[in-house]
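Shown here: model_11.txt, compact mmCIF, N, CA and C atoms.
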```
# COMPACT_ATOMS: atom_id res chain seq x y z
N MET A 24 -11.29 -19.28 -7.29
CA MET A 24 -12.52 -19.66 -6.63
C MET A 24 -13.13 -20.83 -7.38
N ILE A 25 -13.49 -21.85 -6.66
CA ILE A 25 -14.11 -23.02 -7.25
C ILE A 25 -15.57 -23.04 -6.86
N THR A 26 -16.42 -23.15 -7.85
CA THR A 26 -17.84 -23.23 -7.60
C THR A 26 -18.32 -24.58 -8.08
N THR A 27 -19.00 -25.27 -7.22
CA THR A 27 -19.51 -26.59 -7.55
C THR A 27 -21.00 -26.62 -7.30
N LEU A 28 -21.77 -26.82 -8.37
CA LEU A 28 -23.20 -26.99 -8.24
C LEU A 28 -23.51 -28.44 -8.50
N CYS A 29 -24.31 -29.03 -7.67
CA CYS A 29 -24.65 -30.43 -7.89
C CYS A 29 -26.10 -30.66 -7.49
N SER A 30 -26.60 -31.79 -7.93
CA SER A 30 -28.00 -32.10 -7.69
C SER A 30 -28.20 -32.67 -6.29
N ILE A 31 -29.43 -32.65 -5.87
CA ILE A 31 -29.78 -33.23 -4.57
C ILE A 31 -29.45 -34.72 -4.57
N ASP A 32 -29.63 -35.37 -5.71
CA ASP A 32 -29.32 -36.81 -5.79
C ASP A 32 -27.83 -37.07 -5.56
N GLU A 33 -26.98 -36.23 -6.15
CA GLU A 33 -25.53 -36.38 -5.93
C GLU A 33 -25.18 -36.20 -4.46
N LEU A 34 -25.79 -35.21 -3.84
CA LEU A 34 -25.53 -34.94 -2.43
C LEU A 34 -26.02 -36.08 -1.54
N LYS A 35 -27.17 -36.64 -1.87
CA LYS A 35 -27.69 -37.77 -1.10
C LYS A 35 -26.79 -38.99 -1.27
N GLU A 36 -26.28 -39.21 -2.49
CA GLU A 36 -25.37 -40.32 -2.73
C GLU A 36 -24.08 -40.14 -1.93
N ALA A 37 -23.58 -38.90 -1.90
CA ALA A 37 -22.37 -38.61 -1.14
C ALA A 37 -22.61 -38.84 0.35
N LYS A 38 -23.76 -38.42 0.84
CA LYS A 38 -24.10 -38.62 2.25
C LYS A 38 -24.17 -40.11 2.58
N THR A 39 -24.78 -40.88 1.71
CA THR A 39 -24.87 -42.34 1.89
C THR A 39 -23.47 -42.95 1.90
N ALA A 40 -22.60 -42.49 1.00
CA ALA A 40 -21.23 -43.00 0.95
C ALA A 40 -20.49 -42.66 2.24
N LEU A 41 -20.74 -41.47 2.79
CA LEU A 41 -20.11 -41.08 4.05
C LEU A 41 -20.61 -41.96 5.21
N VAL A 42 -21.90 -42.27 5.22
CA VAL A 42 -22.45 -43.15 6.26
C VAL A 42 -21.83 -44.54 6.14
N ASP A 43 -21.70 -45.03 4.91
CA ASP A 43 -21.07 -46.33 4.69
C ASP A 43 -19.61 -46.32 5.15
N LEU A 44 -18.91 -45.23 4.86
CA LEU A 44 -17.52 -45.09 5.29
C LEU A 44 -17.44 -45.09 6.82
N GLN A 45 -18.36 -44.38 7.45
CA GLN A 45 -18.42 -44.33 8.91
C GLN A 45 -18.65 -45.72 9.50
N ASP A 46 -19.55 -46.48 8.88
CA ASP A 46 -19.83 -47.83 9.37
C ASP A 46 -18.62 -48.75 9.21
N SER A 47 -17.89 -48.59 8.10
CA SER A 47 -16.75 -49.46 7.81
C SER A 47 -15.47 -49.04 8.52
N TYR A 48 -15.26 -47.72 8.64
CA TYR A 48 -14.01 -47.19 9.18
C TYR A 48 -14.29 -46.04 10.15
N PRO A 49 -14.84 -46.34 11.31
CA PRO A 49 -15.21 -45.26 12.24
C PRO A 49 -14.04 -44.39 12.70
N ALA A 50 -12.87 -44.99 12.90
CA ALA A 50 -11.71 -44.20 13.35
C ALA A 50 -11.25 -43.23 12.26
N LEU A 51 -11.27 -43.69 11.03
CA LEU A 51 -10.91 -42.83 9.90
C LEU A 51 -11.88 -41.65 9.81
N CYS A 52 -13.16 -41.94 9.93
CA CYS A 52 -14.17 -40.89 9.84
C CYS A 52 -14.05 -39.89 10.99
N GLU A 53 -13.71 -40.38 12.16
CA GLU A 53 -13.52 -39.49 13.30
C GLU A 53 -12.37 -38.51 13.02
N LYS A 54 -11.31 -39.02 12.44
CA LYS A 54 -10.17 -38.17 12.09
C LYS A 54 -10.56 -37.18 10.99
N PHE A 55 -11.34 -37.63 10.01
CA PHE A 55 -11.78 -36.74 8.93
C PHE A 55 -12.67 -35.63 9.47
N VAL A 56 -13.62 -35.98 10.31
CA VAL A 56 -14.51 -34.97 10.90
C VAL A 56 -13.68 -33.98 11.73
N HIS A 57 -12.69 -34.48 12.43
CA HIS A 57 -11.81 -33.60 13.22
C HIS A 57 -11.11 -32.60 12.30
N VAL A 58 -10.52 -33.09 11.20
CA VAL A 58 -9.80 -32.20 10.28
C VAL A 58 -10.77 -31.24 9.59
N ALA A 59 -11.94 -31.72 9.19
CA ALA A 59 -12.93 -30.83 8.56
C ALA A 59 -13.38 -29.75 9.55
N GLY A 60 -13.59 -30.12 10.80
CA GLY A 60 -13.97 -29.15 11.81
C GLY A 60 -12.86 -28.14 12.09
N LEU A 61 -11.63 -28.63 12.10
CA LEU A 61 -10.49 -27.74 12.28
C LEU A 61 -10.37 -26.78 11.10
N THR A 62 -10.60 -27.28 9.91
CA THR A 62 -10.57 -26.45 8.71
C THR A 62 -11.59 -25.33 8.84
N ARG A 63 -12.77 -25.68 9.27
CA ARG A 63 -13.84 -24.69 9.46
C ARG A 63 -13.47 -23.69 10.56
N SER A 64 -12.98 -24.19 11.68
CA SER A 64 -12.64 -23.32 12.82
C SER A 64 -11.54 -22.33 12.47
N LEU A 65 -10.58 -22.77 11.68
CA LEU A 65 -9.47 -21.89 11.28
C LEU A 65 -9.83 -21.02 10.07
N GLN A 66 -11.04 -21.21 9.56
CA GLN A 66 -11.54 -20.48 8.40
C GLN A 66 -10.64 -20.68 7.18
N LEU A 67 -10.20 -21.93 7.00
CA LEU A 67 -9.43 -22.30 5.83
C LEU A 67 -10.39 -22.82 4.77
N LYS A 68 -9.91 -22.93 3.57
CA LYS A 68 -10.74 -23.46 2.49
C LYS A 68 -10.73 -24.99 2.53
N TYR A 69 -11.91 -25.57 2.38
CA TYR A 69 -12.00 -27.02 2.31
C TYR A 69 -11.22 -27.53 1.09
N GLN A 70 -11.14 -26.71 0.07
CA GLN A 70 -10.37 -27.08 -1.12
C GLN A 70 -8.91 -27.31 -0.74
N TYR A 71 -8.38 -26.47 0.13
CA TYR A 71 -6.99 -26.63 0.59
C TYR A 71 -6.85 -27.95 1.34
N MET A 72 -7.78 -28.23 2.24
CA MET A 72 -7.77 -29.48 2.97
C MET A 72 -7.80 -30.67 2.00
N GLY A 73 -8.70 -30.62 1.04
CA GLY A 73 -8.83 -31.71 0.07
C GLY A 73 -7.56 -31.91 -0.74
N CYS A 74 -6.95 -30.81 -1.15
CA CYS A 74 -5.70 -30.91 -1.91
C CYS A 74 -4.60 -31.55 -1.08
N LEU A 75 -4.52 -31.19 0.19
CA LEU A 75 -3.51 -31.80 1.06
C LEU A 75 -3.76 -33.30 1.21
N ILE A 76 -5.01 -33.68 1.43
CA ILE A 76 -5.35 -35.09 1.61
C ILE A 76 -5.07 -35.89 0.34
N MET A 77 -5.42 -35.31 -0.80
CA MET A 77 -5.32 -36.02 -2.07
C MET A 77 -3.95 -35.84 -2.75
N ASP A 78 -3.04 -35.12 -2.10
CA ASP A 78 -1.72 -34.87 -2.66
C ASP A 78 -1.80 -34.14 -4.00
N GLU A 79 -2.70 -33.17 -4.07
CA GLU A 79 -2.87 -32.34 -5.26
C GLU A 79 -2.19 -31.00 -5.04
N ASN A 80 -1.97 -30.29 -6.11
CA ASN A 80 -1.37 -28.96 -6.03
C ASN A 80 -2.34 -28.02 -5.31
N SER A 81 -1.85 -27.39 -4.25
CA SER A 81 -2.70 -26.49 -3.47
C SER A 81 -2.32 -25.02 -3.63
N ASP A 82 -1.53 -24.71 -4.66
CA ASP A 82 -1.06 -23.33 -4.85
C ASP A 82 -2.19 -22.32 -4.94
N ASP A 83 -3.31 -22.70 -5.53
CA ASP A 83 -4.43 -21.77 -5.71
C ASP A 83 -5.22 -21.51 -4.44
N CYS A 84 -4.98 -22.28 -3.41
CA CYS A 84 -5.79 -22.12 -2.20
C CYS A 84 -4.97 -22.11 -0.92
N ILE A 85 -3.70 -21.74 -1.02
CA ILE A 85 -2.85 -21.66 0.16
C ILE A 85 -3.40 -20.57 1.08
N PRO A 86 -3.58 -20.91 2.35
CA PRO A 86 -4.16 -19.93 3.28
C PRO A 86 -3.18 -18.82 3.64
N ASN A 87 -3.75 -17.69 3.96
CA ASN A 87 -2.96 -16.55 4.41
C ASN A 87 -3.07 -16.48 5.93
N ILE A 88 -2.27 -17.30 6.59
CA ILE A 88 -2.28 -17.38 8.05
C ILE A 88 -1.05 -16.64 8.56
N PRO A 89 -1.26 -15.66 9.43
CA PRO A 89 -0.12 -14.87 9.91
C PRO A 89 0.88 -15.65 10.75
N TYR A 90 0.47 -16.75 11.34
CA TYR A 90 1.36 -17.52 12.21
C TYR A 90 1.67 -18.87 11.56
N SER A 91 2.92 -19.06 11.21
CA SER A 91 3.31 -20.32 10.57
C SER A 91 3.09 -21.51 11.50
N SER A 92 3.13 -21.27 12.80
CA SER A 92 2.92 -22.37 13.75
C SER A 92 1.50 -22.94 13.64
N VAL A 93 0.52 -22.08 13.32
CA VAL A 93 -0.86 -22.54 13.15
C VAL A 93 -0.95 -23.43 11.91
N LEU A 94 -0.31 -23.02 10.84
CA LEU A 94 -0.33 -23.82 9.62
C LEU A 94 0.40 -25.15 9.83
N ARG A 95 1.50 -25.12 10.56
CA ARG A 95 2.22 -26.37 10.85
C ARG A 95 1.34 -27.32 11.66
N LEU A 96 0.64 -26.78 12.65
CA LEU A 96 -0.27 -27.60 13.46
C LEU A 96 -1.37 -28.20 12.57
N TYR A 97 -1.94 -27.38 11.70
CA TYR A 97 -2.99 -27.86 10.81
C TYR A 97 -2.47 -28.99 9.91
N LYS A 98 -1.32 -28.77 9.31
CA LYS A 98 -0.75 -29.79 8.42
C LYS A 98 -0.43 -31.07 9.19
N LYS A 99 -0.03 -30.94 10.45
CA LYS A 99 0.24 -32.11 11.29
C LYS A 99 -1.05 -32.91 11.50
N GLU A 100 -2.15 -32.22 11.72
CA GLU A 100 -3.44 -32.90 11.91
C GLU A 100 -3.89 -33.58 10.61
N VAL A 101 -3.67 -32.91 9.49
CA VAL A 101 -4.01 -33.52 8.19
C VAL A 101 -3.14 -34.76 7.98
N GLN A 102 -1.86 -34.67 8.33
CA GLN A 102 -0.96 -35.81 8.16
C GLN A 102 -1.38 -36.98 9.04
N THR A 103 -1.88 -36.69 10.22
CA THR A 103 -2.39 -37.75 11.10
C THR A 103 -3.53 -38.50 10.41
N LEU A 104 -4.40 -37.75 9.75
CA LEU A 104 -5.48 -38.37 8.98
C LEU A 104 -4.90 -39.20 7.84
N LYS A 105 -3.96 -38.63 7.11
CA LYS A 105 -3.37 -39.32 5.96
C LYS A 105 -2.61 -40.58 6.37
N ASN A 106 -2.14 -40.62 7.60
CA ASN A 106 -1.40 -41.79 8.08
C ASN A 106 -2.31 -42.94 8.48
N ASP A 107 -3.62 -42.71 8.53
CA ASP A 107 -4.55 -43.78 8.87
C ASP A 107 -4.42 -44.90 7.83
N GLU A 108 -4.44 -46.13 8.31
CA GLU A 108 -4.25 -47.27 7.40
C GLU A 108 -5.35 -47.41 6.35
N HIS A 109 -6.50 -46.76 6.58
CA HIS A 109 -7.61 -46.87 5.64
C HIS A 109 -7.84 -45.58 4.84
N ILE A 110 -6.83 -44.72 4.76
CA ILE A 110 -6.99 -43.43 4.08
C ILE A 110 -7.43 -43.60 2.63
N ASP A 111 -7.06 -44.71 2.01
CA ASP A 111 -7.45 -44.93 0.62
C ASP A 111 -8.97 -44.98 0.46
N ALA A 112 -9.68 -45.40 1.49
CA ALA A 112 -11.15 -45.42 1.42
C ALA A 112 -11.71 -44.00 1.34
N LEU A 113 -11.13 -43.08 2.09
CA LEU A 113 -11.56 -41.68 2.02
C LEU A 113 -11.17 -41.07 0.68
N LYS A 114 -9.98 -41.37 0.22
CA LYS A 114 -9.53 -40.85 -1.08
C LYS A 114 -10.44 -41.37 -2.21
N LYS A 115 -10.85 -42.62 -2.10
CA LYS A 115 -11.75 -43.19 -3.11
C LYS A 115 -13.08 -42.44 -3.09
N LEU A 116 -13.59 -42.13 -1.90
CA LEU A 116 -14.83 -41.37 -1.79
C LEU A 116 -14.66 -39.99 -2.43
N PHE A 117 -13.55 -39.32 -2.14
CA PHE A 117 -13.29 -38.01 -2.75
C PHE A 117 -13.23 -38.10 -4.26
N ARG A 118 -12.57 -39.15 -4.79
CA ARG A 118 -12.49 -39.31 -6.25
C ARG A 118 -13.87 -39.60 -6.84
N SER A 119 -14.64 -40.42 -6.15
CA SER A 119 -15.98 -40.77 -6.65
C SER A 119 -16.91 -39.57 -6.71
N PHE A 120 -16.71 -38.62 -5.82
CA PHE A 120 -17.58 -37.45 -5.74
C PHE A 120 -16.81 -36.17 -6.03
N LYS A 121 -15.87 -36.26 -6.96
CA LYS A 121 -15.02 -35.11 -7.32
C LYS A 121 -15.87 -33.91 -7.73
N GLU A 122 -16.95 -34.16 -8.45
CA GLU A 122 -17.82 -33.06 -8.91
C GLU A 122 -18.61 -32.44 -7.77
N THR A 123 -18.83 -33.19 -6.72
CA THR A 123 -19.54 -32.66 -5.56
C THR A 123 -18.68 -31.63 -4.84
N GLY A 124 -17.39 -31.92 -4.75
CA GLY A 124 -16.45 -30.98 -4.17
C GLY A 124 -16.10 -31.28 -2.73
N TYR A 125 -14.89 -30.91 -2.36
CA TYR A 125 -14.39 -31.15 -1.01
C TYR A 125 -15.23 -30.42 0.04
N ALA A 126 -15.67 -29.23 -0.28
CA ALA A 126 -16.44 -28.44 0.70
C ALA A 126 -17.76 -29.12 1.04
N LYS A 127 -18.49 -29.53 0.03
CA LYS A 127 -19.80 -30.14 0.30
C LYS A 127 -19.65 -31.49 0.98
N ILE A 128 -18.65 -32.25 0.59
CA ILE A 128 -18.42 -33.53 1.26
C ILE A 128 -18.07 -33.29 2.73
N SER A 129 -17.24 -32.29 2.97
CA SER A 129 -16.86 -31.96 4.35
C SER A 129 -18.05 -31.49 5.16
N LEU A 130 -18.88 -30.64 4.57
CA LEU A 130 -20.06 -30.15 5.28
C LEU A 130 -21.04 -31.28 5.58
N LEU A 131 -21.17 -32.22 4.66
CA LEU A 131 -22.01 -33.40 4.92
C LEU A 131 -21.45 -34.20 6.09
N ALA A 132 -20.13 -34.36 6.11
CA ALA A 132 -19.49 -35.11 7.20
C ALA A 132 -19.67 -34.39 8.54
N LEU A 133 -19.76 -33.07 8.49
CA LEU A 133 -19.94 -32.28 9.71
C LEU A 133 -21.40 -32.19 10.15
N GLY A 134 -22.28 -32.87 9.40
CA GLY A 134 -23.67 -32.96 9.83
C GLY A 134 -24.68 -32.15 9.06
N ARG A 135 -24.26 -31.43 8.04
CA ARG A 135 -25.22 -30.68 7.23
C ARG A 135 -26.04 -31.66 6.38
N SER A 136 -27.25 -31.30 6.10
CA SER A 136 -28.11 -32.15 5.28
C SER A 136 -27.86 -31.86 3.80
N PRO A 137 -28.10 -32.84 2.95
CA PRO A 137 -27.97 -32.60 1.50
C PRO A 137 -28.85 -31.43 1.03
N GLU A 138 -30.05 -31.35 1.60
CA GLU A 138 -30.98 -30.30 1.18
C GLU A 138 -30.44 -28.90 1.49
N SER A 139 -29.70 -28.78 2.59
CA SER A 139 -29.18 -27.46 2.98
C SER A 139 -28.04 -27.01 2.06
N LEU A 140 -27.49 -27.93 1.29
CA LEU A 140 -26.34 -27.60 0.43
C LEU A 140 -26.72 -27.40 -1.02
N ILE A 141 -27.94 -27.69 -1.37
CA ILE A 141 -28.35 -27.63 -2.78
C ILE A 141 -28.28 -26.20 -3.30
N GLY A 142 -27.61 -26.05 -4.40
CA GLY A 142 -27.50 -24.74 -5.04
C GLY A 142 -26.50 -23.82 -4.41
N ALA A 143 -25.94 -24.21 -3.27
CA ALA A 143 -24.94 -23.36 -2.63
C ALA A 143 -23.61 -23.51 -3.33
N SER A 144 -22.90 -22.43 -3.49
CA SER A 144 -21.57 -22.53 -4.11
C SER A 144 -20.55 -22.90 -3.03
N SER A 145 -19.56 -23.64 -3.43
CA SER A 145 -18.54 -24.10 -2.49
C SER A 145 -17.24 -23.35 -2.75
N VAL A 146 -16.92 -22.45 -1.87
CA VAL A 146 -15.70 -21.69 -2.04
C VAL A 146 -14.75 -21.88 -0.87
N LYS A 147 -15.17 -22.57 0.16
CA LYS A 147 -14.28 -22.82 1.30
C LYS A 147 -14.04 -24.29 1.45
```
How would this structure read if it were set down as structure tokens?
Amino acid sequence: MITTLCSIDELKEAKTALVDLQDSYPALCEKFVHVAGLTRSLQLKYQYMGCLIMDENSDDCIPNIPYSSVLRLYKKEVQTLKNDEHIDALKKLFRSFKETGYAKISLLALGRSPESLIGASSVK
């Protein structure tokens, strides 16, 4: 379980960076919001999504999905995001806000406010 506590200022900076990313690369952001929403809908951990995007070891957060076809579909959608020509911009944002965490960045991208995330632990 990964718990990430961060300040309101960090969350506001991350939100601003997401808005800037949206302005610069709207298609990339649309794909990211799609994958983040899919992650939420399938009740997967955002940490797993982040590890897949960043090519990190995801052994600690592999989902327990009874149907391998669902996981294949999910990974295909993540790969579509990773194939975007501007994926390095999203990876840079993730690296810049590593302490904020994949979950909070994803929730911000899905429309949550920085204030709603303050003090909340990120486990998905």
Among A:Gln45, A:Ile85, A:Phe117, A:Tyr97, Thr62 of chain A is approached most closely, using only N, CA and C atoms, by A:Tyr97
What separates atom C of Ser64 of chain A and atom N of Asn80 of chain A is a distance of 22.4 Å
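Distances to Tyr69 of chain A were evaluated for A:Lys121, A:Lys98, A:Lys35, A:Lys127 using all atoms listed in the file, and the minimum falls at A:Lys127.
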Near-Ile88 of chain A list (10 Å; only C-alpha atoms; drop same-chain fewer than 4 positions) as a ChimeraX atom specification
/A:65-67,92-94
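Taking atom CA of Glu100 of chain A as the reference point, atom CA of Cys29 of chain A is found at 29.1 Å.
Atom C of Leu104 of chain A lies 10.1 Å from atom CA of Leu75 of chain A.
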**Report entry** Polymer residues at most 10 Å from segment 131-139 of chain A, only C-alpha atoms, same-chain spacing of 6 or more positions, as number ranges by chain
**Finding:** A: 30-39, 41-42, 45, 52-53, 55-57, 59-60, 63, 125
Q | Contacts of segment 106-116 of chain A at 7 Å (only N, CA and C atoms; same-chain gap of 6+ positions) as a ChimeraX atom specification | A | /A:51,76-77
ask   = as a ChimeraX atom specification, which residues of chain A does DSSP assign to helix (DSSP H, G or I)?
value = /A:31-47,49-64,69-77,82-84,91-105,110-119,125-132,137-140
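For the set A:Leu140, A:Glu79, A:Val58, A:Asp46, the residue with the smallest atom-to-atom gap to Leu96 of chain A is A:Val58, counting only C-alpha atoms.
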